$ cat work-v5.cif   # mmCIF, C-alpha atoms and all ligand atoms
data_coords
#
loop_
_atom_site.label_atom_id
_atom_site.label_comp_id
_atom_site.auth_asym_id
_atom_site.auth_seq_id
_atom_site.Cartn_x
_atom_site.Cartn_y
_atom_site.Cartn_z
CA MET A 1 57.12 59.47 73.52
CA LEU A 2 56.10 60.66 70.08
CA THR A 3 59.46 61.99 68.92
CA GLU A 4 61.24 58.81 69.99
CA ALA A 5 58.62 56.71 68.19
CA TYR A 6 58.97 58.80 65.04
CA LEU A 7 62.73 58.40 65.01
CA ALA A 8 62.49 54.65 65.68
CA ALA A 9 60.15 54.29 62.72
CA HIS A 10 62.19 56.41 60.31
CA ARG A 11 65.88 56.55 61.16
CA THR A 12 68.17 53.98 59.57
CA THR A 13 70.67 54.44 62.42
CA ALA A 14 69.73 52.46 65.54
CA LEU A 15 68.59 54.50 68.53
CA SER A 16 70.13 54.26 71.97
CA GLY A 17 66.73 53.76 73.61
CA ASP A 18 67.26 56.75 75.88
CA PRO A 19 64.86 59.46 74.67
CA ALA A 20 67.02 62.20 76.16
CA ILE A 21 69.86 61.08 73.92
CA ASP A 22 67.84 60.12 70.85
CA THR A 23 65.78 63.29 70.64
CA HIS A 24 68.81 65.48 71.22
CA MET A 25 70.12 66.84 67.93
CA ALA A 26 73.53 68.04 66.79
CA PRO A 27 72.44 70.25 63.87
CA ARG A 28 74.34 69.92 60.60
CA ALA A 29 71.72 71.33 58.22
CA ILE A 30 69.08 74.05 57.98
CA VAL A 31 65.85 73.64 56.00
CA LEU A 32 63.75 76.66 55.00
CA HIS A 33 59.98 76.42 54.65
CA TRP A 34 56.85 78.46 54.25
CA THR A 35 53.79 77.85 56.40
CA GLY A 36 51.19 78.41 53.68
CA GLY A 37 49.19 80.50 56.13
CA ALA A 38 48.74 84.19 56.72
CA THR A 39 49.82 84.70 60.32
CA ALA A 40 52.45 83.68 62.82
CA SER A 41 49.75 82.90 65.37
CA SER A 42 48.09 80.38 63.05
CA ALA A 43 51.50 78.77 62.51
CA TRP A 44 52.09 78.67 66.24
CA ASN A 45 48.68 77.07 66.78
CA THR A 46 49.45 74.44 64.15
CA PHE A 47 52.81 73.55 65.67
CA ALA A 48 51.90 73.76 69.38
CA PRO A 49 50.08 70.41 69.86
CA ALA A 50 52.23 67.33 70.36
CA THR A 51 50.04 65.22 68.08
CA LEU A 52 49.46 65.61 64.36
CA SER A 53 45.91 66.33 63.25
CA GLY A 54 44.17 66.58 59.90
CA ARG A 55 47.17 65.81 57.69
CA ALA A 56 46.21 62.54 56.03
CA GLU A 57 49.33 62.48 53.86
CA LEU A 58 51.51 62.64 56.96
CA THR A 59 49.72 60.41 59.45
CA LYS A 60 51.18 57.25 57.96
CA GLY A 61 54.57 58.67 58.97
CA GLY A 62 53.58 58.80 62.63
CA ALA A 63 51.49 60.69 65.17
CA LEU A 64 54.17 63.23 66.04
CA ASN A 65 53.06 66.73 65.07
CA VAL A 66 54.96 68.74 62.53
CA GLY A 67 56.85 71.76 63.79
CA ALA A 68 59.83 74.03 63.41
CA HIS A 69 62.58 75.57 65.46
CA TYR A 70 61.90 79.10 64.23
CA ILE A 71 58.98 81.05 62.79
CA VAL A 72 59.82 84.13 60.70
CA ASP A 73 56.89 86.50 60.33
CA ARG A 74 56.21 88.49 57.17
CA ASP A 75 57.76 91.60 58.74
CA GLY A 76 60.96 89.66 59.42
CA ARG A 77 60.37 89.11 63.13
CA ILE A 78 62.02 85.90 64.30
CA GLU A 79 60.55 83.71 67.02
CA ARG A 80 62.24 80.56 68.30
CA ILE A 81 59.65 77.93 69.24
CA ALA A 82 61.91 74.94 69.96
CA PRO A 83 65.47 74.52 71.20
CA GLU A 84 67.96 74.18 68.34
CA ASP A 85 69.25 70.90 69.74
CA ARG A 86 65.90 69.11 69.83
CA VAL A 87 64.51 66.94 67.04
CA VAL A 88 61.45 68.51 65.39
CA ARG A 89 59.43 66.94 62.56
CA HIS A 90 59.69 69.27 59.56
CA CYS A 91 61.56 67.53 56.73
CA ILE A 92 61.44 63.85 55.81
CA GLY A 93 64.89 62.30 56.13
CA LEU A 94 66.62 65.20 57.86
CA ASN A 95 64.76 65.67 61.13
CA HIS A 96 67.61 64.16 63.14
CA VAL A 97 70.10 66.76 61.90
CA ALA A 98 68.22 69.78 60.58
CA ILE A 99 67.00 73.02 62.08
CA GLY A 100 63.67 74.04 60.52
CA ILE A 101 62.80 77.66 59.77
CA GLU A 102 59.16 78.32 58.84
CA ASN A 103 58.35 81.56 57.04
CA VAL A 104 54.80 82.83 57.49
CA GLY A 105 53.05 82.99 54.12
CA GLY A 106 53.24 81.17 50.82
CA ASP A 107 52.45 81.66 47.15
CA PRO A 108 50.25 82.80 45.62
CA THR A 109 48.20 84.51 48.32
CA TRP A 110 50.89 85.57 50.79
CA PRO A 111 54.19 85.78 48.89
CA LEU A 112 57.27 85.76 51.09
CA THR A 113 58.84 89.17 51.69
CA GLN A 114 62.25 90.78 51.40
CA ALA A 115 62.13 91.18 55.20
CA GLN A 116 61.91 87.38 55.43
CA VAL A 117 64.85 86.96 53.02
CA ASP A 118 66.90 89.27 55.23
CA ALA A 119 65.74 87.61 58.46
CA ASP A 120 66.38 84.07 57.19
CA ALA A 121 69.84 85.07 55.96
CA ALA A 122 70.66 86.67 59.32
CA LEU A 123 69.36 83.64 61.19
CA VAL A 124 71.28 81.17 59.00
CA ARG A 125 74.41 83.26 59.51
CA ASP A 126 73.88 83.34 63.27
CA ILE A 127 73.25 79.60 63.56
CA ALA A 128 76.21 78.78 61.32
CA SER A 129 78.47 80.95 63.48
CA ARG A 130 77.57 78.83 66.51
CA ARG A 131 77.15 75.34 65.06
CA PRO A 132 78.88 73.20 62.40
CA ILE A 133 76.23 73.69 59.72
CA ARG A 134 77.24 72.24 56.34
CA TRP A 135 73.98 72.22 54.35
CA LEU A 136 71.24 74.71 53.56
CA TYR A 137 68.14 73.39 51.81
CA GLY A 138 64.72 74.55 50.77
CA HIS A 139 62.01 72.03 51.60
CA SER A 140 61.14 71.77 47.91
CA GLU A 141 64.69 70.62 47.03
CA SER A 142 63.78 66.98 47.55
CA ALA A 143 66.35 65.52 45.17
CA ALA A 144 69.20 67.33 46.88
CA ILE A 145 67.81 66.47 50.31
CA GLU A 146 67.56 62.78 49.47
CA ALA A 147 71.08 62.84 48.02
CA SER A 148 72.47 64.30 51.23
CA PRO A 149 74.90 62.02 53.06
CA VAL A 150 72.97 62.64 56.27
CA PHE A 151 69.55 61.72 54.80
CA GLU A 152 67.93 58.81 56.70
CA GLU A 153 64.52 57.31 55.94
CA LYS A 154 63.67 53.64 56.38
CA ASP A 155 60.45 53.70 54.37
CA PRO A 156 61.14 54.16 50.64
CA THR A 157 57.49 55.07 50.06
CA TYR A 158 57.44 57.82 52.69
CA ARG A 159 58.21 60.92 50.62
CA ASN A 160 56.38 64.11 49.73
CA ALA A 161 56.80 66.82 47.12
CA LYS A 162 56.68 70.28 48.68
CA PRO A 163 56.70 73.64 46.90
CA ASP A 164 58.08 75.66 49.81
CA PRO A 165 59.71 78.11 50.13
CA GLY A 166 60.27 78.46 46.38
CA ALA A 167 63.32 78.72 44.15
CA ALA A 168 63.30 82.52 44.06
CA PHE A 169 63.33 82.79 47.84
CA MET A 170 66.09 80.20 48.18
CA GLY A 171 68.14 82.01 45.56
CA LYS A 172 67.94 85.27 47.46
CA VAL A 173 68.81 83.73 50.83
CA ARG A 174 71.70 81.76 49.32
CA ALA A 175 73.07 84.87 47.66
CA ALA A 176 73.01 86.68 51.00
CA VAL A 177 74.98 83.92 52.76
CA ALA A 178 77.15 82.83 49.84
CA ASP A 179 80.30 83.62 51.80
CA LEU A 180 79.46 80.85 54.29
CA GLY A 181 80.04 78.20 51.61
CA LEU A 182 77.06 76.08 52.62
CA GLU A 183 76.23 73.09 50.43
CA GLY A 184 72.84 71.96 49.18
CA GLY A 185 70.25 73.00 46.66
ZN ZN B 201 58.03 72.78 54.40
#

$ encode --input "work-v5.cif" --output "structure tokens"
Amino acid sequence: MLTEAYLAAHRTTALSGDPAIDTHMAPRAIVLHWTGGATASSAWNTFAPATLSGRAELTKGGALNVGAHYIVDRDGRIERIAPEDRVVRHCIGLNHVAIGIENVGGDPTWPLTQAQVDADAALVRDIASRRPIRWLYGHSESAAIEASPVFEEKDPTYRNAKPDPGAAFMGKVRAAVADLGLEGG
């Protein structure tokens, strides 16, 4: 299956060979993103297919589609689109341990909203109350992500530089959950 193949190609830790085990995830990190699009439905349509399409910079990394565990709309509405304990492709090097939260929008056309700051903070707080989350990252924080002790990527040339969800947004979310003592950034 696509997720198993992705993990086999990218993880430095050997897989068990049982997809049920290998695609199961014990989350230790949360990565925040923006979709770059205007609506939650367009995000859902992007993430729904199993196979990646039209993303030349990503196809060399495998056919598995990109996705997320949660979509946060611009009004702060939260929708879960994948189980928290399933591997989803959203952040190079951390997909085996990280829950992905996609915020609808993106600079400069659809700047993220205060409602999304509040929703992301509430969601991070909720997840961290239920699971042993140690790290909170923005997708753009590539240096910190790569320095993470849980980062795994076999291919040293498989990297990308992402702008999402922006330093200002990350600063606001981190301030709202500062009491949790999460690392990263
Ligand atoms: Zn992203």

$ residues_near_ligand --input "work-v5.cif" --ligand "ligand ZN 201 (chain B)" --cutoff "9 Å" --atoms "all atoms listed in the file" --output "list of chain:residue names"
A:Val31, A:Leu32, A:His33, A:Trp34, A:Thr35, A:Gly36, A:His90, A:Cys91, A:Gly100, A:Ile101, A:Glu102, A:Gly138, A:His139, A:Ser140, A:Lys162, A:Pro163, A:Asp164, A:Pro165

$ atom_distance --input "work-v5.cif" --atom1 "CA of Leu7 (chain A)" --atom2 "CA of Asp85 (chain A)"
14.9 Å

$ residues_around --input "work-v5.cif" --residues "Ile30 (chain A)" --least-positions-apart "5" --cutoff "9 Å" --atoms "only C-alpha atoms" --output "ChimeraX atom specification"
/A:97-101,124,127,133-138

$ closest_residue --input "work-v5.cif" --among "A:Ala20, A:Ala147, A:Leu123, A:Val117" --to "Gly166 (chain A)" --atoms "only C-alpha atoms"
A:Val117

$ atom_distance --input "work-v5.cif" --atom1 "CA of Ala178 (chain A)" --atom2 "CA of Ser129 (chain A)"
13.8 Å

$ closest_atom_pairs --input "work-v5.cif" --of "region 56-155 of chain A" --to "region 37-42 of chain A" --cutoff "7 Å" --atoms "only C-alpha atoms" --output "JSON lines"
{"residue": "A:Asp73", "atom": "CA", "partner": "A:Ala40", "partner_atom": "CA", "distance": 5.8}
{"residue": "A:Val104", "atom": "CA", "partner": "A:Ala40", "partner_atom": "CA", "distance": 5.9}
{"residue": "A:Gly105", "atom": "CA", "partner": "A:Gly37", "partner_atom": "CA", "distance": 5.0}
{"residue": "A:Gly106", "atom": "CA", "partner": "A:Gly37", "partner_atom": "CA", "distance": 6.7}
{"residue": "A:Trp110", "atom": "CA", "partner": "A:Ala38", "partner_atom": "CA", "distance": 6.5}

$ build_atoms --input "work-v5.cif" --residues "region 88-104 of chain A" --atoms "N, CA and C atoms" --output "compact mmCIF listing (two decimals), in the frame of the given file"
# COMPACT_ATOMS: atom_id res chain seq x y z
N VAL A 88 62.79 68.05 65.74
CA VAL A 88 61.45 68.51 65.39
C VAL A 88 61.11 67.92 64.03
N ARG A 89 59.84 67.56 63.83
CA ARG A 89 59.43 66.94 62.56
C ARG A 89 59.09 68.04 61.55
N HIS A 90 59.97 68.25 60.58
CA HIS A 90 59.69 69.27 59.56
C HIS A 90 60.16 68.89 58.17
N CYS A 91 61.03 67.88 58.06
CA CYS A 91 61.56 67.53 56.73
C CYS A 91 61.90 66.05 56.71
N ILE A 92 61.19 65.29 55.90
CA ILE A 92 61.44 63.85 55.81
C ILE A 92 62.92 63.59 55.53
N GLY A 93 63.51 62.73 56.35
CA GLY A 93 64.89 62.30 56.13
C GLY A 93 65.95 63.12 56.83
N LEU A 94 65.61 64.32 57.26
CA LEU A 94 66.62 65.20 57.86
C LEU A 94 66.28 65.65 59.28
N ASN A 95 65.19 65.14 59.84
CA ASN A 95 64.76 65.67 61.13
C ASN A 95 65.77 65.44 62.26
N HIS A 96 66.62 64.46 62.09
CA HIS A 96 67.61 64.16 63.14
C HIS A 96 68.83 65.08 63.08
N VAL A 97 68.92 65.90 62.03
CA VAL A 97 70.10 66.76 61.90
C VAL A 97 69.78 68.19 61.47
N ALA A 98 68.51 68.50 61.22
CA ALA A 98 68.22 69.78 60.58
C ALA A 98 67.36 70.71 61.44
N ILE A 99 67.80 71.95 61.49
CA ILE A 99 67.00 73.02 62.08
C ILE A 99 65.99 73.48 61.03
N GLY A 100 64.72 73.61 61.43
CA GLY A 100 63.67 74.04 60.52
C GLY A 100 63.27 75.49 60.77
N ILE A 101 63.24 76.26 59.69
CA ILE A 101 62.80 77.66 59.77
C ILE A 101 61.56 77.81 58.91
N GLU A 102 60.44 78.13 59.54
CA GLU A 102 59.16 78.32 58.84
C GLU A 102 58.90 79.81 58.62
N ASN A 103 58.70 80.19 57.38
CA ASN A 103 58.35 81.56 57.04
C ASN A 103 56.84 81.68 56.87
N VAL A 104 56.25 82.63 57.56
CA VAL A 104 54.80 82.83 57.49
C VAL A 104 54.44 83.32 56.09
